[in-house]
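First comes the structure, then the notes that go with it.
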Amino acid sequence: MSRKNIFKYIAMPCIAILMICLTAGFYMLSYALTPLHRGLNIEKSYTEMYQNYPFLENWVDSLNHVSALKDTTLINTEGKKLHAFYIDAPKPTNKTAVIVHGYTDNAIRMFMIGYLYNKDLEYNILLPDLQFHGLSEGKAIQMGWKDRLDIQEWINLSINKYGTETEIVVHGISMGAATTMMLSGEQLPQQVKCFVEDCGYTSVWDEFSQELKVRFGLPSFPIMHITSWLCQQKYGWNFEEASALNAVKRCELPMLFIHGDADTFVPTWMVHPLYEAKPEPKELWIVPEVEHAESYLKAKKEYTRRVTNFVSLYLN
């Protein structure tokens with residue numbers, strides 16, 4: 001066979017397949033990390049929260065009446081301006097909660113957990129907008145991986161604000177829970193005492209792989225490999241390294257794991273290897289008949305009781 005025929009029958013189809021795969025990879029990267037909906041509509045966020053949690057409206061109104069709901073910002077190590085809300089405790093305390101939202105949400109959509117800590121437990125609270133969400137800058141969603149470094153900076157800001165005697169719990173839901181777990185594997189200030197993770201994923205690779213299968217009916221190979229490589233080139237990290245599972249193996253601080261047993265977005269099975277990988281001390285609560293990120297919504301009283309009992313063991 002001539003060189004011309006070899007190129008025609010072998011090389012050209014291979015190039016075509018490669019181009020199709022690259023196109024699919026670019027599409028998936030954009031679809032996953034730069035969606036149009038990412039918590040930018042602040043008014044809508046308040047409206048939805050009040051619909052789901054009616055008790056929040058009076059609470060937020062009371063905070064605004066005395067200018068207790070405040071904004072703050074910081075510039076992260078990459079030069080991005082990040083935003084957070086903070087609310088001081090109703091009376092002086094050394095207890096602070098840093099509360100981390102989920103994928104395409106924002107700080108406002110974590111006000112129900114803010115209520116738990118600030119209203120019920122009388123903690124100081126800080127609620128950041130992660131990169132590319134809410135009022136924070138950023139070129140793309142970071143799926144918790146780079147966010148873990150930003151949360152470290154928010155922790156430092158909390159210590160500067162509330163003093164070196166403050167004791168901190170980090171509480172995240174969904175991607176915020178993955179962020180919390182990824183953070184837990186880092187060297188942290190002694191003020192951080194424990195973590196609560198609610199329905200976080202084992203790794204970005206695992207989460208995107210299952211979504212690729214569920215939403216598009218496609219296998220991981222080769223699209224996941226190409227998309228992860230593109231993410232590395234464009235954003236400086238890849239799907240495999242962004243692993244909550246690897247991080248919790250290094251975590252020696254206490255962690256409460258919460259997951260609904262009807263969760264299909266971050267499948268319930270993911271919590272079990274996470275829990276097994278995490279050294280003691282740890283606790284696990286599988287919430288019956290609850291879908292993704294709805295444990296507080298559907299079991300508010302028990303959620304509050306379990307979180308209260310857990311954090312009170314480690315924040316004095």
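Residue numbering restarts at 1 for every chain of the structure tokens, chains are lettered A, B, ... in their displayed order, and ligands are numbered from 1 as they appear.
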
Point to revise | Per-residue DSSP, range 63-242 of chain A, filtered to helix (DSSP H, G or I), as number ranges by chain | key: A: 63-65, 107-120, 147-162, 175-184, 204-216, 223-235

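For range 98-115 of chain A, the list of residues within 7 Å, based on only C-alpha atoms and with local chain neighbours fewer than 2 positions off taken out, reads His37, Arg38, Gly39, Ser45, Tyr46, Met49, Leu56, Thr96, Tyr117, Asn118, Lys119, Asp120, Ile125, Leu126, Leu127, Pro128, Asp129, His133, Gly134, Val169, Val170, His171, Gly172, Ile173, Ser174, Met175 and Gly176 of chain A.
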
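Nearest-residue note for Phe310 in chain A: choosing from A:Phe195, A:Tyr53, A:Phe265, A:Trp237, the minimum distance belongs to A:Phe195, counting only C-alpha atoms.
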
Practice item. Name all residues at most 12 Å from Glu211 in chain A (count only C-alpha atoms; drop same-chain ones fewer than 4 positions away) and give them as a PyMOL selection string. Key: chain A and resi 28+31-32+201+204-207+215-220+224+264-267

Writing out the chosen residues with N, CA, C and O atoms as a PDB file, in the first residue's frame:
ATOM      1  N   MET A  28     -17.199  19.426  27.202  1.00  0.00           N
ATOM      2  CA  MET A  28     -17.429  18.950  28.563  1.00  0.00           C
ATOM      3  C   MET A  28     -16.783  19.877  29.588  1.00  0.00           C
ATOM      4  O   MET A  28     -17.348  20.132  30.656  1.00  0.00           O
ATOM      5  N   TYR A  31     -19.008  22.897  29.756  1.00  0.00           N
ATOM      6  CA  TYR A  31     -20.286  22.499  30.357  1.00  0.00           C
ATOM      7  C   TYR A  31     -20.167  22.364  31.873  1.00  0.00           C
ATOM      8  O   TYR A  31     -21.033  22.804  32.619  1.00  0.00           O
ATOM      9  N   ALA A  32     -19.053  21.775  32.320  1.00  0.00           N
ATOM     10  CA  ALA A  32     -18.889  21.481  33.746  1.00  0.00           C
ATOM     11  C   ALA A  32     -18.372  22.662  34.549  1.00  0.00           C
ATOM     12  O   ALA A  32     -18.819  22.890  35.679  1.00  0.00           O
ATOM     13  N   TYR A 201     -18.402  14.510  47.228  1.00  0.00           N
ATOM     14  CA  TYR A 201     -17.970  13.424  46.342  1.00  0.00           C
ATOM     15  C   TYR A 201     -16.554  12.963  46.673  1.00  0.00           C
ATOM     16  O   TYR A 201     -15.764  13.682  47.284  1.00  0.00           O
ATOM     17  N   VAL A 204     -13.276  14.550  41.878  1.00  0.00           N
ATOM     18  CA  VAL A 204     -13.860  15.171  40.694  1.00  0.00           C
ATOM     19  C   VAL A 204     -13.954  14.142  39.574  1.00  0.00           C
ATOM     20  O   VAL A 204     -14.942  14.105  38.834  1.00  0.00           O
ATOM     21  N   TRP A 205     -12.962  13.286  39.451  1.00  0.00           N
ATOM     22  CA  TRP A 205     -12.993  12.235  38.422  1.00  0.00           C
ATOM     23  C   TRP A 205     -14.225  11.357  38.609  1.00  0.00           C
ATOM     24  O   TRP A 205     -14.972  11.096  37.643  1.00  0.00           O
ATOM     25  N   ASP A 206     -14.463  10.891  39.814  1.00  0.00           N
ATOM     26  CA  ASP A 206     -15.605  10.013  40.073  1.00  0.00           C
ATOM     27  C   ASP A 206     -16.930  10.721  39.805  1.00  0.00           C
ATOM     28  O   ASP A 206     -17.845  10.151  39.202  1.00  0.00           O
ATOM     29  N   GLU A 207     -17.038  11.965  40.257  1.00  0.00           N
ATOM     30  CA  GLU A 207     -18.295  12.702  40.101  1.00  0.00           C
ATOM     31  C   GLU A 207     -18.590  12.985  38.638  1.00  0.00           C
ATOM     32  O   GLU A 207     -19.705  12.764  38.155  1.00  0.00           O
ATOM     33  N   ARG A 215     -26.008  11.492  32.417  1.00  0.00           N
ATOM     34  CA  ARG A 215     -26.576  12.554  31.587  1.00  0.00           C
ATOM     35  C   ARG A 215     -26.407  12.309  30.093  1.00  0.00           C
ATOM     36  O   ARG A 215     -27.269  12.699  29.293  1.00  0.00           O
ATOM     37  N   PHE A 216     -25.280  11.691  29.723  1.00  0.00           N
ATOM     38  CA  PHE A 216     -24.979  11.548  28.301  1.00  0.00           C
ATOM     39  C   PHE A 216     -24.877  10.092  27.840  1.00  0.00           C
ATOM     40  O   PHE A 216     -24.741   9.842  26.642  1.00  0.00           O
ATOM     41  N   GLY A 217     -24.921   9.158  28.773  1.00  0.00           N
ATOM     42  CA  GLY A 217     -24.814   7.750  28.412  1.00  0.00           C
ATOM     43  C   GLY A 217     -23.467   7.380  27.821  1.00  0.00           C
ATOM     44  O   GLY A 217     -23.374   6.473  26.996  1.00  0.00           O
ATOM     45  N   LEU A 218     -22.396   8.066  28.266  1.00  0.00           N
ATOM     46  CA  LEU A 218     -21.071   7.864  27.697  1.00  0.00           C
ATOM     47  C   LEU A 218     -20.115   7.270  28.724  1.00  0.00           C
ATOM     48  O   LEU A 218     -20.201   7.582  29.915  1.00  0.00           O
ATOM     49  N   PRO A 219     -19.171   6.435  28.278  1.00  0.00           N
ATOM     50  CA  PRO A 219     -18.150   5.897  29.187  1.00  0.00           C
ATOM     51  C   PRO A 219     -17.084   6.935  29.488  1.00  0.00           C
ATOM     52  O   PRO A 219     -16.967   7.956  28.788  1.00  0.00           O
ATOM     53  N   SER A 220     -16.299   6.674  30.511  1.00  0.00           N
ATOM     54  CA  SER A 220     -15.246   7.613  30.902  1.00  0.00           C
ATOM     55  C   SER A 220     -14.178   7.777  29.824  1.00  0.00           C
ATOM     56  O   SER A 220     -13.716   8.891  29.557  1.00  0.00           O
ATOM     57  N   MET A 224     -13.200  11.620  29.488  1.00  0.00           N
ATOM     58  CA  MET A 224     -12.733  12.086  30.793  1.00  0.00           C
ATOM     59  C   MET A 224     -11.238  12.354  30.782  1.00  0.00           C
ATOM     60  O   MET A 224     -10.760  13.339  31.356  1.00  0.00           O
ATOM     61  N   THR A 264     -28.726  10.647  44.200  1.00  0.00           N
ATOM     62  CA  THR A 264     -28.236  10.109  42.929  1.00  0.00           C
ATOM     63  C   THR A 264     -27.285  11.078  42.233  1.00  0.00           C
ATOM     64  O   THR A 264     -26.546  10.679  41.340  1.00  0.00           O
ATOM     65  N   PHE A 265     -27.280  12.365  42.634  1.00  0.00           N
ATOM     66  CA  PHE A 265     -26.373  13.337  42.018  1.00  0.00           C
ATOM     67  C   PHE A 265     -24.945  13.115  42.502  1.00  0.00           C
ATOM     68  O   PHE A 265     -24.001  13.056  41.704  1.00  0.00           O
ATOM     69  N   VAL A 266     -24.771  13.054  43.808  1.00  0.00           N
ATOM     70  CA  VAL A 266     -23.531  12.522  44.383  1.00  0.00           C
ATOM     71  C   VAL A 266     -23.954  11.208  45.043  1.00  0.00           C
ATOM     72  O   VAL A 266     -24.452  11.213  46.170  1.00  0.00           O
ATOM     73  N   PRO A 267     -23.799  10.101  44.336  1.00  0.00           N
ATOM     74  CA  PRO A 267     -24.398   8.842  44.791  1.00  0.00           C
ATOM     75  C   PRO A 267     -23.990   8.482  46.220  1.00  0.00           C
ATOM     76  O   PRO A 267     -22.859   8.712  46.640  1.00  0.00           O
TER      77      PRO A 267
END

Exercise for review: From a DSSP calculation on the backbone, collect every residue of range 172-225 of chain A in strand (DSSP E or B) and output the set as number ranges by chain.
Suggested key: A: 172-173, 192-198, 203

Practice item. Would you mind telling me which residue in A:Pro222, A:Pro273, A:Gly200, A:Gly236 lies nearest to Ile258 in chain A when using only C-alpha atoms? Key: A:Gly200

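Near Arg250 in chain A, within 8 Å and counting only C-alpha atoms, sit Ser184, Gly185, Glu186, Lys278 and Pro279 of chain A, not including residues fewer than 5 positions from it in the same chain.
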
Using only C-alpha atoms, I'd like a table of the residues in range 181-247 of chain A that come within 10 Å of range 283-303 of chain A; for each, show the closest atom pair and its distance in Å rounded to one decimal, ordered by chain and ascending number, as JSON lines.
{"residue": "A:Val196", "atom": "CA", "partner": "A:Glu283", "partner_atom": "CA", "distance": 9.5}
{"residue": "A:Glu197", "atom": "CA", "partner": "A:Leu284", "partner_atom": "CA", "distance": 9.9}
{"residue": "A:Asp198", "atom": "CA", "partner": "A:Ala293", "partner_atom": "CA", "distance": 7.1}
{"residue": "A:Cys199", "atom": "CA", "partner": "A:Ala293", "partner_atom": "CA", "distance": 6.4}
{"residue": "A:Gly200", "atom": "CA", "partner": "A:Ala293", "partner_atom": "CA", "distance": 9.2}

Restricted to N, CA and C atoms, what would the selected residues look like written as a compact mmCIF listing (two decimals), in the first residue's frame?
# COMPACT_ATOMS: atom_id res chain seq x y z
N VAL A 196 -17.60 19.29 59.15
CA VAL A 196 -18.85 18.62 58.81
C VAL A 196 -18.96 18.62 57.30
N GLU A 197 -19.03 17.43 56.71
CA GLU A 197 -19.20 17.33 55.27
C GLU A 197 -20.55 16.67 55.00
N ASP A 198 -21.34 17.33 54.14
CA ASP A 198 -22.69 16.89 53.82
C ASP A 198 -22.78 16.61 52.32
N CYS A 199 -22.80 15.35 51.96
CA CYS A 199 -22.98 14.83 50.59
C CYS A 199 -21.90 15.27 49.61
N GLY A 200 -20.64 15.19 50.04
CA GLY A 200 -19.52 15.48 49.15
C GLY A 200 -19.09 14.27 48.35

Could you make a table, as JSON lines, of the residues of range 152-227 of chain A that have an atom within 12 Å of an atom of range 79-87 of chain A, each with its nearest atom pair and distance in Å to one decimal, counting only C-alpha atoms, in chain and number order?
{"residue": "A:Glu153", "atom": "CA", "partner": "A:Leu82", "partner_atom": "CA", "distance": 10.2}
{"residue": "A:Trp154", "atom": "CA", "partner": "A:Ala84", "partner_atom": "CA", "distance": 8.6}
{"residue": "A:Ile155", "atom": "CA", "partner": "A:Ala84", "partner_atom": "CA", "distance": 11.7}
{"residue": "A:Leu157", "atom": "CA", "partner": "A:Ala84", "partner_atom": "CA", "distance": 10.8}
{"residue": "A:Ser158", "atom": "CA", "partner": "A:Tyr86", "partner_atom": "CA", "distance": 9.3}
{"residue": "A:Lys161", "atom": "CA", "partner": "A:Tyr86", "partner_atom": "CA", "distance": 10.5}
{"residue": "A:Tyr162", "atom": "CA", "partner": "A:Tyr86", "partner_atom": "CA", "distance": 11.3}

Written selection (N, CA and C atoms) as an mmCIF file, in the first residue's frame:
data_model
loop_
_atom_site.group_PDB
_atom_site.id
_atom_site.type_symbol
_atom_site.label_atom_id
_atom_site.label_comp_id
_atom_site.auth_asym_id
_atom_site.auth_seq_id
_atom_site.Cartn_x
_atom_site.Cartn_y
_atom_site.Cartn_z
ATOM 1 N N GLU A 153 -7.478 30.779 53.339
ATOM 2 C CA GLU A 153 -7.332 32.224 53.509
ATOM 3 C C GLU A 153 -8.509 32.811 54.276
ATOM 4 N N TRP A 154 -9.704 32.283 54.045
ATOM 5 C CA TRP A 154 -10.863 32.741 54.810
ATOM 6 C C TRP A 154 -10.732 32.345 56.283
ATOM 7 N N ILE A 155 -10.146 31.197 56.537
ATOM 8 C CA ILE A 155 -9.894 30.792 57.926
ATOM 9 C C ILE A 155 -8.933 31.781 58.587
ATOM 10 N N LEU A 157 -8.473 34.862 57.777
ATOM 11 C CA LEU A 157 -9.196 36.116 57.982
ATOM 12 C C LEU A 157 -10.081 36.025 59.232
ATOM 13 N N SER A 158 -10.721 34.878 59.418
ATOM 14 C CA SER A 158 -11.581 34.687 60.600
ATOM 15 C C SER A 158 -10.768 34.766 61.884
ATOM 16 N N LYS A 161 -9.935 38.300 62.567
ATOM 17 C CA LYS A 161 -11.097 39.076 62.995
ATOM 18 C C LYS A 161 -11.534 38.715 64.411
ATOM 19 N N TYR A 162 -11.592 37.410 64.707
ATOM 20 C CA TYR A 162 -12.175 36.964 65.972
ATOM 21 C C TYR A 162 -11.134 36.591 67.023
#

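Among the candidate residues A:Lys91, A:Arg148, A:His225, A:His259, the one lying nearest to Ser209 in chain A is A:His225, with distances computed using only C-alpha atoms.
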
Point to revise | Distance query Leu274 in chain A at most 8 Å, only C-alpha atoms, self and fewer than 3 positions along chain excluded, as a PyMOL selection string | key: chain A and resi 202+244-245+248+270-271+277-278
